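Containing compact mmCIF, C-alpha atoms and all ligand atoms: input.txt.
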```txt
# COMPACT_ATOMS: atom_id res chain seq x y z
CA MET A 1 60.69 5.28 182.26
CA LYS A 2 61.43 3.40 185.45
CA ALA A 3 63.87 4.88 187.93
CA ILE A 4 67.43 3.61 187.52
CA GLU A 5 67.16 2.23 191.07
CA GLN A 6 64.39 -0.08 189.89
CA LEU A 7 66.18 -1.19 186.75
CA ILE A 8 69.47 -2.17 188.35
CA ARG A 9 70.00 -5.72 189.65
CA LYS A 10 69.52 -5.93 193.39
CA ASN A 11 72.94 -7.50 194.05
CA ILE A 12 74.59 -4.65 192.13
CA ARG A 13 72.57 -2.01 193.98
CA ASP A 14 73.64 -3.52 197.30
CA LEU A 15 77.24 -4.09 196.27
CA GLU A 16 79.99 -2.49 198.32
CA PRO A 17 82.59 -1.74 195.63
CA TYR A 18 86.32 -2.31 195.89
CA HIS A 19 88.17 0.87 196.76
CA SER A 20 91.59 1.07 195.19
CA ALA A 21 94.47 2.90 196.81
CA ARG A 22 94.54 5.47 193.99
CA GLU A 23 90.87 6.18 194.50
CA GLU A 24 91.07 6.75 198.25
CA TYR A 25 93.91 9.23 197.94
CA SER A 26 94.17 11.21 194.73
CA GLY A 27 95.95 14.38 195.89
CA ASP A 28 99.55 15.19 195.02
CA ALA A 29 101.50 13.72 197.89
CA ARG A 30 105.23 13.35 197.24
CA ILE A 31 105.75 9.84 198.50
CA PHE A 32 103.30 7.10 197.62
CA LEU A 33 103.64 4.04 199.83
CA ASP A 34 99.98 3.02 199.73
CA ALA A 35 99.61 0.63 196.79
CA ASN A 36 102.53 -1.83 197.03
CA GLU A 37 103.92 -0.54 193.75
CA ASN A 38 107.64 -0.83 193.02
CA SER A 39 109.16 2.24 194.67
CA LEU A 40 112.33 2.06 192.53
CA GLY A 41 110.53 2.59 189.22
CA SER A 42 109.67 0.29 186.31
CA VAL A 43 112.00 -2.20 184.63
CA SER A 44 111.10 -0.64 181.29
CA GLY A 45 112.05 2.77 182.63
CA ASP A 46 108.84 4.49 181.54
CA GLY A 47 107.33 5.25 184.91
CA PHE A 48 104.84 2.43 184.59
CA ASN A 49 105.41 1.42 188.21
CA ARG A 50 102.39 3.53 189.20
CA TYR A 51 98.82 2.32 188.84
CA PRO A 52 96.80 4.40 186.36
CA ASP A 53 94.05 6.81 187.41
CA PRO A 54 91.08 4.48 187.98
CA LEU A 55 88.63 7.17 186.83
CA GLN A 56 90.77 8.54 183.95
CA ARG A 57 90.01 12.12 184.99
CA ALA A 58 92.41 13.93 182.66
CA LEU A 59 91.28 11.93 179.63
CA LYS A 60 87.60 12.43 180.44
CA LYS A 61 88.13 16.18 180.71
CA GLN A 62 89.58 16.24 177.21
CA LEU A 63 86.83 14.03 175.82
CA ALA A 64 84.10 16.05 177.55
CA ALA A 65 85.38 19.19 175.81
CA ILE A 66 85.47 17.52 172.40
CA LYS A 67 82.04 15.91 172.83
CA ARG A 68 80.49 18.93 174.53
CA THR A 69 79.30 17.01 177.57
CA SER A 70 80.33 16.76 181.22
CA THR A 71 82.83 14.31 182.73
CA ASP A 72 80.20 12.78 185.02
CA ARG A 73 78.34 11.61 181.93
CA ILE A 74 81.32 9.64 180.60
CA PHE A 75 82.38 6.07 181.29
CA LEU A 76 85.54 4.76 179.65
CA GLY A 77 85.94 1.08 178.88
CA ASN A 78 88.49 -1.34 177.51
CA GLY A 79 86.81 -0.92 174.12
CA SER A 80 83.06 -0.32 173.88
CA ASP A 81 82.80 -4.08 174.22
CA GLU A 82 83.56 -3.67 177.94
CA ALA A 83 80.73 -1.14 178.30
CA ILE A 84 78.33 -3.54 176.55
CA ASP A 85 79.28 -6.32 178.95
CA LEU A 86 79.04 -4.12 182.06
CA LEU A 87 75.63 -2.74 181.04
CA ILE A 88 74.30 -6.27 180.71
CA ARG A 89 75.82 -7.35 184.00
CA ALA A 90 74.50 -4.31 185.87
CA PHE A 91 70.93 -4.39 184.60
CA CYS A 92 70.06 -7.95 183.52
CA GLU A 93 69.35 -10.73 185.98
CA PRO A 94 70.81 -13.98 184.58
CA ALA A 95 68.25 -16.61 183.49
CA ARG A 96 65.43 -14.11 183.97
CA ASP A 97 65.80 -10.82 182.05
CA GLN A 98 66.05 -10.13 178.34
CA VAL A 99 67.70 -7.76 175.90
CA MET A 100 66.49 -6.86 172.41
CA ILE A 101 68.57 -6.61 169.25
CA MET A 102 67.58 -5.86 165.66
CA PRO A 103 69.38 -8.15 163.23
CA PRO A 104 71.34 -7.83 161.10
CA THR A 105 73.54 -6.04 163.59
CA TYR A 106 76.82 -6.12 165.51
CA GLY A 107 77.46 -9.59 166.92
CA MET A 108 78.82 -8.65 170.35
CA TYR A 109 75.45 -7.70 171.88
CA LYS A 110 74.22 -11.26 171.54
CA VAL A 111 77.48 -12.86 172.66
CA ALA A 112 77.77 -10.62 175.73
CA ALA A 113 74.14 -11.36 176.66
CA ARG A 114 74.52 -15.12 176.19
CA VAL A 115 77.73 -15.22 178.24
CA ASN A 116 75.69 -13.73 181.07
CA ASP A 117 72.80 -16.17 180.48
CA ILE A 118 70.50 -13.40 179.26
CA GLU A 119 67.87 -14.22 176.66
CA VAL A 120 68.16 -12.27 173.40
CA LEU A 121 64.93 -11.18 171.70
CA GLU A 122 65.51 -10.59 168.00
CA VAL A 123 63.30 -8.23 166.00
CA ALA A 124 64.61 -8.22 162.44
CA LEU A 125 64.83 -4.95 160.53
CA ASP A 126 62.30 -4.56 157.73
CA GLU A 127 63.05 -4.72 153.98
CA GLN A 128 64.19 -1.11 153.96
CA LEU A 129 66.47 -1.92 156.92
CA ASN A 130 64.33 0.23 159.15
CA ILE A 131 63.01 -0.52 162.60
CA ASP A 132 59.91 -2.72 162.75
CA ARG A 133 57.89 -0.57 165.15
CA ASP A 134 54.83 -2.79 165.46
CA THR A 135 56.76 -5.90 166.39
CA ILE A 136 58.92 -3.94 168.80
CA ASP A 137 55.80 -2.56 170.46
CA SER A 138 54.34 -5.99 171.04
CA VAL A 139 57.65 -7.46 172.24
CA ILE A 140 58.01 -4.61 174.76
CA GLU A 141 54.45 -5.16 175.91
CA ASN A 142 54.84 -8.92 176.32
CA HIS A 143 58.20 -8.86 178.08
CA PRO A 144 58.15 -6.98 181.37
CA SER A 145 61.67 -8.28 182.07
CA LEU A 146 63.11 -6.73 178.91
CA LYS A 147 65.85 -4.43 180.25
CA LEU A 148 67.99 -3.22 177.35
CA ILE A 149 67.34 -2.46 173.69
CA PHE A 150 70.43 -2.23 171.49
CA ILE A 151 70.29 0.04 168.46
CA CYS A 152 73.40 0.29 166.28
CA SER A 153 73.38 3.47 164.16
CA PRO A 154 75.01 3.68 161.67
CA ASN A 155 74.37 -0.04 161.75
CA ASN A 156 77.03 -2.67 161.33
CA PRO A 157 76.99 -4.46 158.84
CA THR A 158 74.55 -2.41 156.73
CA GLY A 159 75.95 1.12 157.19
CA HIS A 160 72.39 2.37 157.60
CA LEU A 161 71.73 5.33 159.89
CA PHE A 162 68.33 5.05 161.56
CA PRO A 163 66.10 8.11 161.18
CA ALA A 164 65.82 10.16 164.37
CA ARG A 165 62.09 9.50 164.53
CA ASP A 166 62.72 5.75 164.89
CA VAL A 167 65.18 6.19 167.75
CA GLN A 168 62.81 8.68 169.33
CA TYR A 169 59.93 6.23 169.00
CA ILE A 170 61.78 3.57 170.98
CA LEU A 171 62.95 6.10 173.57
CA GLN A 172 59.32 7.07 174.11
CA ARG A 173 57.92 3.54 174.27
CA PHE A 174 60.51 1.75 176.34
CA GLY A 175 61.01 2.03 180.10
CA GLY A 176 64.34 0.22 180.22
CA LEU A 177 67.66 1.45 178.84
CA VAL A 178 68.15 2.24 175.17
CA ILE A 179 71.75 1.53 174.19
CA LEU A 180 72.59 3.46 171.04
CA ASP A 181 75.87 2.27 169.54
CA GLU A 182 77.41 5.10 167.51
CA ALA A 183 80.75 3.45 166.70
CA TYR A 184 80.58 4.90 163.16
CA ILE A 185 78.85 8.22 163.80
CA ASP A 186 81.97 10.26 162.93
CA PHE A 187 81.68 9.09 159.34
CA SER A 188 78.10 10.33 159.09
CA PRO A 189 77.09 13.92 158.31
CA GLU A 190 74.51 13.60 161.10
CA PRO A 191 75.47 14.80 164.58
CA GLY A 192 74.21 11.68 166.38
CA TRP A 193 72.42 11.73 169.72
CA LEU A 194 75.01 13.20 172.10
CA PRO A 195 73.47 16.70 171.85
CA GLU A 196 70.18 15.15 173.04
CA LEU A 197 71.67 13.10 175.86
CA SER A 198 70.64 15.32 178.75
CA ARG A 199 66.99 15.05 177.66
CA TYR A 200 66.86 11.27 178.17
CA ASP A 201 67.73 9.63 181.50
CA HIS A 202 67.54 6.16 179.99
CA LEU A 203 69.67 6.70 176.88
CA VAL A 204 73.19 5.28 176.76
CA ILE A 205 75.37 6.26 173.78
CA LEU A 206 78.38 4.13 172.91
CA GLN A 207 81.29 5.53 170.93
CA THR A 208 84.81 4.29 170.39
CA LEU A 209 88.30 5.34 169.38
CA SER A 210 88.56 2.16 167.31
CA LYS A 211 87.17 3.43 164.00
CA ALA A 212 87.35 7.09 162.95
CA TRP A 213 90.18 7.84 165.39
CA GLY A 214 92.12 4.83 164.10
CA MET A 215 93.02 3.59 167.58
CA ALA A 216 91.56 0.07 167.67
CA GLY A 217 94.83 -1.27 169.06
CA ILE A 218 94.75 0.67 172.33
CA ARG A 219 91.19 -0.48 173.23
CA LEU A 220 89.25 2.58 174.31
CA GLY A 221 85.50 2.94 174.14
CA ALA A 222 83.13 5.36 175.84
CA ALA A 223 79.60 5.19 177.19
CA PHE A 224 77.77 8.50 177.59
CA ALA A 225 74.75 8.54 179.89
CA HIS A 226 73.04 10.10 182.89
CA PRO A 227 75.45 10.37 185.86
CA SER A 228 73.46 7.76 187.83
CA ILE A 229 74.10 5.17 185.10
CA ILE A 230 77.76 6.14 184.85
CA ALA A 231 78.09 5.73 188.63
CA ILE A 232 76.80 2.16 188.37
CA LEU A 233 79.28 1.26 185.62
CA ASN A 234 82.11 2.77 187.66
CA LYS A 235 81.03 0.77 190.67
CA ILE A 236 81.32 -2.63 188.95
CA LYS A 237 84.19 -2.08 186.51
CA PRO A 238 87.63 -3.56 187.18
CA PRO A 239 89.38 -0.81 189.17
CA TYR A 240 92.14 -0.11 186.64
CA ASN A 241 90.31 -1.01 183.44
CA ILE A 242 92.12 1.58 181.29
CA ASN A 243 95.88 1.12 181.48
CA SER A 244 98.45 3.93 181.54
CA ILE A 245 99.63 3.40 177.98
CA THR A 246 96.10 3.64 176.65
CA GLN A 247 95.28 6.75 178.70
CA ARG A 248 98.46 8.48 177.57
CA THR A 249 98.14 7.48 173.91
CA ALA A 250 94.46 8.39 173.74
CA SER A 251 95.19 11.77 175.24
CA LYS A 252 97.84 12.40 172.59
CA ALA A 253 95.44 11.38 169.82
CA LEU A 254 92.61 13.57 171.09
CA HIS A 255 94.88 16.59 170.69
CA LYS A 256 95.26 15.83 166.98
CA SER A 257 91.81 16.75 165.78
CA ASP A 258 93.28 17.99 162.46
CA ARG A 259 94.62 14.56 161.63
CA PHE A 260 91.33 12.99 162.74
CA GLU A 261 89.33 15.27 160.46
CA TRP A 262 91.66 14.66 157.54
CA MET A 263 91.31 10.90 157.95
CA VAL A 264 87.52 11.02 158.15
CA ALA A 265 87.30 13.24 155.05
CA THR A 266 89.76 11.04 153.13
CA LEU A 267 87.88 7.86 153.98
CA GLN A 268 84.59 9.46 152.99
CA HIS A 269 86.07 10.42 149.64
CA GLN A 270 87.54 6.95 149.17
CA LYS A 271 84.20 5.39 150.01
CA ASN A 272 82.50 7.39 147.26
CA GLU A 273 85.20 6.38 144.77
CA LEU A 274 84.96 2.74 145.77
CA GLN A 275 81.21 2.81 145.49
CA ALA A 276 81.35 4.34 142.02
CA SER A 277 83.85 1.71 140.83
CA LEU A 278 81.86 -1.18 142.29
CA LYS A 279 78.68 0.07 140.67
CA LYS A 280 80.19 -0.41 137.21
CA LEU A 281 80.81 -4.13 137.75
CA THR A 282 78.26 -6.60 136.42
CA MET A 283 79.04 -8.98 139.29
CA VAL A 284 77.67 -6.41 141.74
CA GLU A 285 73.91 -6.51 142.29
CA TYR A 286 73.45 -3.88 144.96
CA ILE A 287 75.42 -1.58 147.22
CA PHE A 288 73.71 -0.56 150.45
CA PRO A 289 73.83 3.18 151.15
CA SER A 290 76.40 3.56 153.92
CA GLU A 291 77.14 6.26 156.48
CA ALA A 292 80.06 4.27 157.85
CA ASN A 293 83.59 3.38 156.66
CA PHE A 294 82.48 0.19 154.94
CA LEU A 295 80.14 -0.93 152.19
CA LEU A 296 77.77 -3.88 152.29
CA VAL A 297 77.73 -5.23 148.74
CA ARG A 298 75.45 -7.87 147.22
CA PHE A 299 77.21 -9.99 144.61
CA ARG A 300 75.83 -12.48 142.16
CA ASP A 301 78.37 -15.04 143.42
CA PRO A 302 79.84 -13.86 146.75
CA LYS A 303 81.65 -17.14 147.50
CA GLN A 304 83.64 -16.91 144.31
CA VAL A 305 84.44 -13.24 144.93
CA TYR A 306 85.51 -14.02 148.48
CA ARG A 307 87.78 -16.88 147.35
CA THR A 308 89.38 -14.89 144.55
CA LEU A 309 90.09 -11.97 146.86
CA ILE A 310 91.63 -14.28 149.48
CA GLU A 311 93.90 -15.75 146.81
CA ALA A 312 95.02 -12.19 146.03
CA GLY A 313 95.72 -11.55 149.71
CA ILE A 314 92.67 -9.36 150.31
CA VAL A 315 90.28 -10.29 153.08
CA VAL A 316 86.74 -8.96 153.33
CA ARG A 317 83.89 -10.08 155.60
CA ASP A 318 81.29 -12.58 154.42
CA ARG A 319 77.95 -11.50 155.91
CA SER A 320 75.74 -13.61 153.63
CA HIS A 321 74.34 -15.77 156.46
CA LEU A 322 72.71 -12.78 158.20
CA PRO A 323 69.07 -11.82 157.61
CA ARG A 324 68.66 -9.22 154.80
CA CYS A 325 72.32 -9.79 153.86
CA GLU A 326 71.91 -12.67 151.41
CA ARG A 327 74.93 -12.88 149.07
CA CYS A 328 76.57 -9.90 150.78
CA LEU A 329 80.17 -9.14 151.57
CA ARG A 330 81.14 -6.28 153.86
CA ILE A 331 84.09 -4.36 152.53
CA THR A 332 85.97 -1.89 154.72
CA VAL A 333 87.00 1.25 152.82
CA GLY A 334 90.74 1.05 152.23
CA SER A 335 93.35 3.57 151.21
CA ARG A 336 93.28 4.68 147.56
CA GLN A 337 95.95 2.09 146.66
CA GLN A 338 94.14 -0.70 148.51
CA ASN A 339 90.82 0.11 146.88
CA GLU A 340 92.41 0.27 143.42
CA ARG A 341 93.96 -3.14 143.92
CA LEU A 342 90.61 -4.55 145.07
CA ILE A 343 88.78 -3.08 142.08
CA GLY A 344 91.51 -4.31 139.73
CA ILE A 345 90.97 -7.90 140.84
CA LEU A 346 87.18 -7.65 140.64
CA LYS A 347 87.39 -6.09 137.17
CA ALA A 348 89.51 -8.97 135.95
CA MET A 349 86.91 -11.42 137.30
CA ASP A 350 84.14 -9.44 135.62
CA ASN A 351 85.91 -9.64 132.25
CA ASP A 352 86.44 -13.41 132.54
CA GLU A 353 82.71 -14.04 132.73
C1 LIG B 401 83.82 -1.79 165.79
C2 LIG B 401 82.58 -1.65 166.59
C3 LIG B 401 82.63 -1.30 167.93
C4 LIG B 401 83.94 -1.02 168.57
O1 LIG B 401 84.21 -1.83 169.61
P1 LIG B 401 85.53 -1.53 170.46
O2 LIG B 401 85.42 -2.57 171.52
O3 LIG B 401 85.39 -0.14 170.99
O4 LIG B 401 86.70 -1.68 169.56
C5 LIG B 401 81.45 -1.15 168.62
N1 LIG B 401 80.26 -1.30 168.03
C6 LIG B 401 80.18 -1.62 166.73
C7 LIG B 401 78.86 -1.73 166.08
C8 LIG B 401 81.33 -1.81 165.97
O5 LIG B 401 81.23 -2.14 164.68
```
Before anything else, please render the file you have as structure tokens.
Ligand SMILES: *Cc1c(COP(=O)(O)O)cnc(C)c1O
Amino acid sequence: MKAIEQLIRKNIRDLEPYHSAREEYSGDARIFLDANENSLGSVSGDGFNRYPDPLQRALKKQLAAIKRTSTDRIFLGNGSDEAIDLLIRAFCEPARDQVMIMPPTYGMYKVAARVNDIEVLEVALDEQLNIDRDTIDSVIENHPSLKLIFICSPNNPTGHLFPARDVQYILQRFGGLVILDEAYIDFSPEPGWLPELSRYDHLVILQTLSKAWGMAGIRLGAAFAHPSIIAILNKIKPPYNINSITQRTASKALHKSDRFEWMVATLQHQKNELQASLKKLTMVEYIFPSEANFLLVRFRDPKQVYRTLIEAGIVVRDRSHLPRCERCLRITVGSRQQNERLIGILKAMDNDE
């Protein structure tokens, strides 16, 4: 691969970053008069008058222990969406460079690239939802300005986990950064790529507290990568991108690994139950094997299913316009009661036909 110094945009490499007050002095002085905070406290009375730690050191320590990595390989973002945006802004020159995605996949890669005026090269997954190696090879060869390849595994919206040999193949062929989005990896029996991280200087792994940890509301995502990549993200991020409430709440959650494990196991069980019930319905044509907390389901008449569910107050995601997802709805695994209600409505529809 190319050195990170060669991949990064020149203006970012030359950038003199903003230094916040909390960054310049981080010891434990007793009187802080350096940041123009309110010295009397906060109106809410919760001690929010102080700016948060810009580098979230305590939280990263906790996460590093859980993920068995080091704190200098962790970047924390306001959701993984912030990491996606910063990676594009750090490495892709607007109106010149490209990123690659493999549809059907998560929509934010394309939106974040287009916002930054970056061209998006799309290499559709094959019929088996696997990576189309030959096309990827030729696209890499013909696009010297291709900087980032996004791989989502388990993939959203299919739930498909890409075999290690496919990810490895791209890591070996591509000299830019491989961004591996593992938002759903906790639902998979596979360990994901974090244990391999130190072997690849150009691998960036994205994870989030939004799914298995059940913390979508606090907005916390993580990028794991070589310290030189993390340093670049830290250099261009908004100084206080993770607020105090999020840092505190995330820290509390990360101590509750028992509850986390119970939730993951329960959702896995519920997914199997839901899958078994759906399979019995004649309206269902196909259920994609899923290693995530949702099922992509092909219906004979998805529009009618969607409408009937909406009328019953249940909303699912229509993915039928995406390649390989013809007539498909994506259904998030609910609680047992929620899934039973869903199945009840579908069964009634099935019987009417
Ligand atoms: C839900 C999801 C995320 C999470 O994004 P956050 O900004 O961390 O909430 C990331 N990637 C994929 C593929 C997702 O489905």
*Within 12 Å of (58.2, -9.2, 178.0), all atoms listed in the file: residues as a PyMOL selection string?*
chain A and resi 96-100+119-121+136-148+174-176
Could you write out the selected residues, including C-alpha atoms, as a compact mmCIF listing (two decimals), keeping the file's coordinate frame?
```txt
# COMPACT_ATOMS: atom_id res chain seq x y z
CA ARG A 96 65.43 -14.11 183.97
CA ASP A 97 65.80 -10.82 182.05
CA GLN A 98 66.05 -10.13 178.34
CA VAL A 99 67.70 -7.76 175.90
CA MET A 100 66.49 -6.86 172.41
CA GLU A 119 67.87 -14.22 176.66
CA VAL A 120 68.16 -12.27 173.40
CA LEU A 121 64.93 -11.18 171.70
CA ILE A 136 58.92 -3.94 168.80
CA ASP A 137 55.80 -2.56 170.46
CA SER A 138 54.34 -5.99 171.04
CA VAL A 139 57.65 -7.46 172.24
CA ILE A 140 58.01 -4.61 174.76
CA GLU A 141 54.45 -5.16 175.91
CA ASN A 142 54.84 -8.92 176.32
CA HIS A 143 58.20 -8.86 178.08
CA PRO A 144 58.15 -6.98 181.37
CA SER A 145 61.67 -8.28 182.07
CA LEU A 146 63.11 -6.73 178.91
CA LYS A 147 65.85 -4.43 180.25
CA LEU A 148 67.99 -3.22 177.35
CA PHE A 174 60.51 1.75 176.34
CA GLY A 175 61.01 2.03 180.10
CA GLY A 176 64.34 0.22 180.22
```
Report the centre and edge lengths, in Å to one decimal, of an axis-aligned box enclosing every atom of ligand LIG 401 (chain B) listed in the file, padded by 5 Å on each side, as AutoDock Vina command-line options.
```
--center_x 82.8 --center_y -1.4 --center_z 168.1 --size_x 17.8 --size_y 12.4 --size_z 16.8
```
*asked:* Within 8 Å of (85.4, 4.1, 172.2) in the file's own coordinates, which protein, DNA or RNA residues have an atom, counting all atoms listed in the file? List them as a ChimeraX atom specification.
replied: /A:76-77,79-80,183,206-210,219-223
*Take atom CA of Tyr184 of chain A and atom O1 of ligand LIG 401 (chain B) and report the distance between them in Å, one decimal.*
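For atom CA of Tyr184 of chain A relative to atom O1 of ligand LIG 401 (chain B), the distance reads 10.0 Å.
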*Using all atoms listed in the file, determine which residues lie at most 10 Å from Ile179 of chain A, disregarding the query and same-chain residues fewer than 6 positions distant; provide the list as an MDAnalysis selection string.*
chainID A and resid 84 87 148:152 171 202:206 223:225
*Residues within 10 Å of segment 317-330 of chain A, all atoms listed in the file, excluding chain neighbours under 2 positions, as an MDAnalysis selection string*: chainID A and resid 103:105 124:129 156:159 284:288 294:303 305:306 315 332:333
*asked:* Between atom CA of Arg57 of chain A and atom CA of Asn243 of chain A, what is the distance in Å, rounded to a tenth?
replied: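 Answer for the atom CA of Arg57 of chain A to atom CA of Asn243 of chain A separation: 13.0 Å.
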*Could you work out how far atom CA of Ser39 of chain A lies from atom CA of Arg22 of chain A, giving the answer in Å with one decimal?*
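Going from atom CA of Arg22 of chain A over to atom CA of Ser39 of chain A covers 15.0 Å.
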_Taking only C-alpha atoms into account, name the residue in A:Ala292, A:Leu342, A:Val178, A:Leu59 that is nearest to Phe75 of chain A._
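Of A:Ala292, A:Leu342, A:Val178, A:Leu59, the one nearest Phe75 of chain A, counting only C-alpha atoms, is A:Leu59.
Distances to Gly217 of chain A were evaluated for A:Pro17, A:Thr246, A:Ile131, A:Ala58 using only C-alpha atoms, and the minimum falls at A:Thr246.
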*Selection near Asp85 of chain A, 9 Å with all atoms listed in the file, sequence-local residues under 6 positions removed, as a PyMOL selection string*: chain A and resi 108-109+112-113+116
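Near Trp262 of chain A, within a cut-off of 12 Å and counting all atoms listed in the file, sit the residues Asp186, Phe187, Ala212, Trp213, Gly214, Lys256, Gln268 and His269 of chain A, with same-chain residues fewer than 6 positions away left out.
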_Counting all atoms listed in the file, the option among A:Asp46, A:Asp166, A:Glu23, A:Glu182 closest to ligand LIG 401 (chain B)_ =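 Nearest to ligand LIG 401 (chain B): A:Glu182.
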*asked:* From the options A:Asn351, A:Gln168, A:Ser198, A:Asn78, which residue's atoms come nearest to ligand LIG 401 (chain B), counting all atoms listed in the file?
replied: A:Asn78
_I'd like the neighbourhood of segment 334-339 of chain A as a PyMOL selection string, where a residue qualifies if any of its atoms comes within 10 Å (using only C-alpha atoms), though same-chain residues fewer than 6 positions away should be ignored._
chain A and resi 266-267+269-271+273-274+277+293-294+314
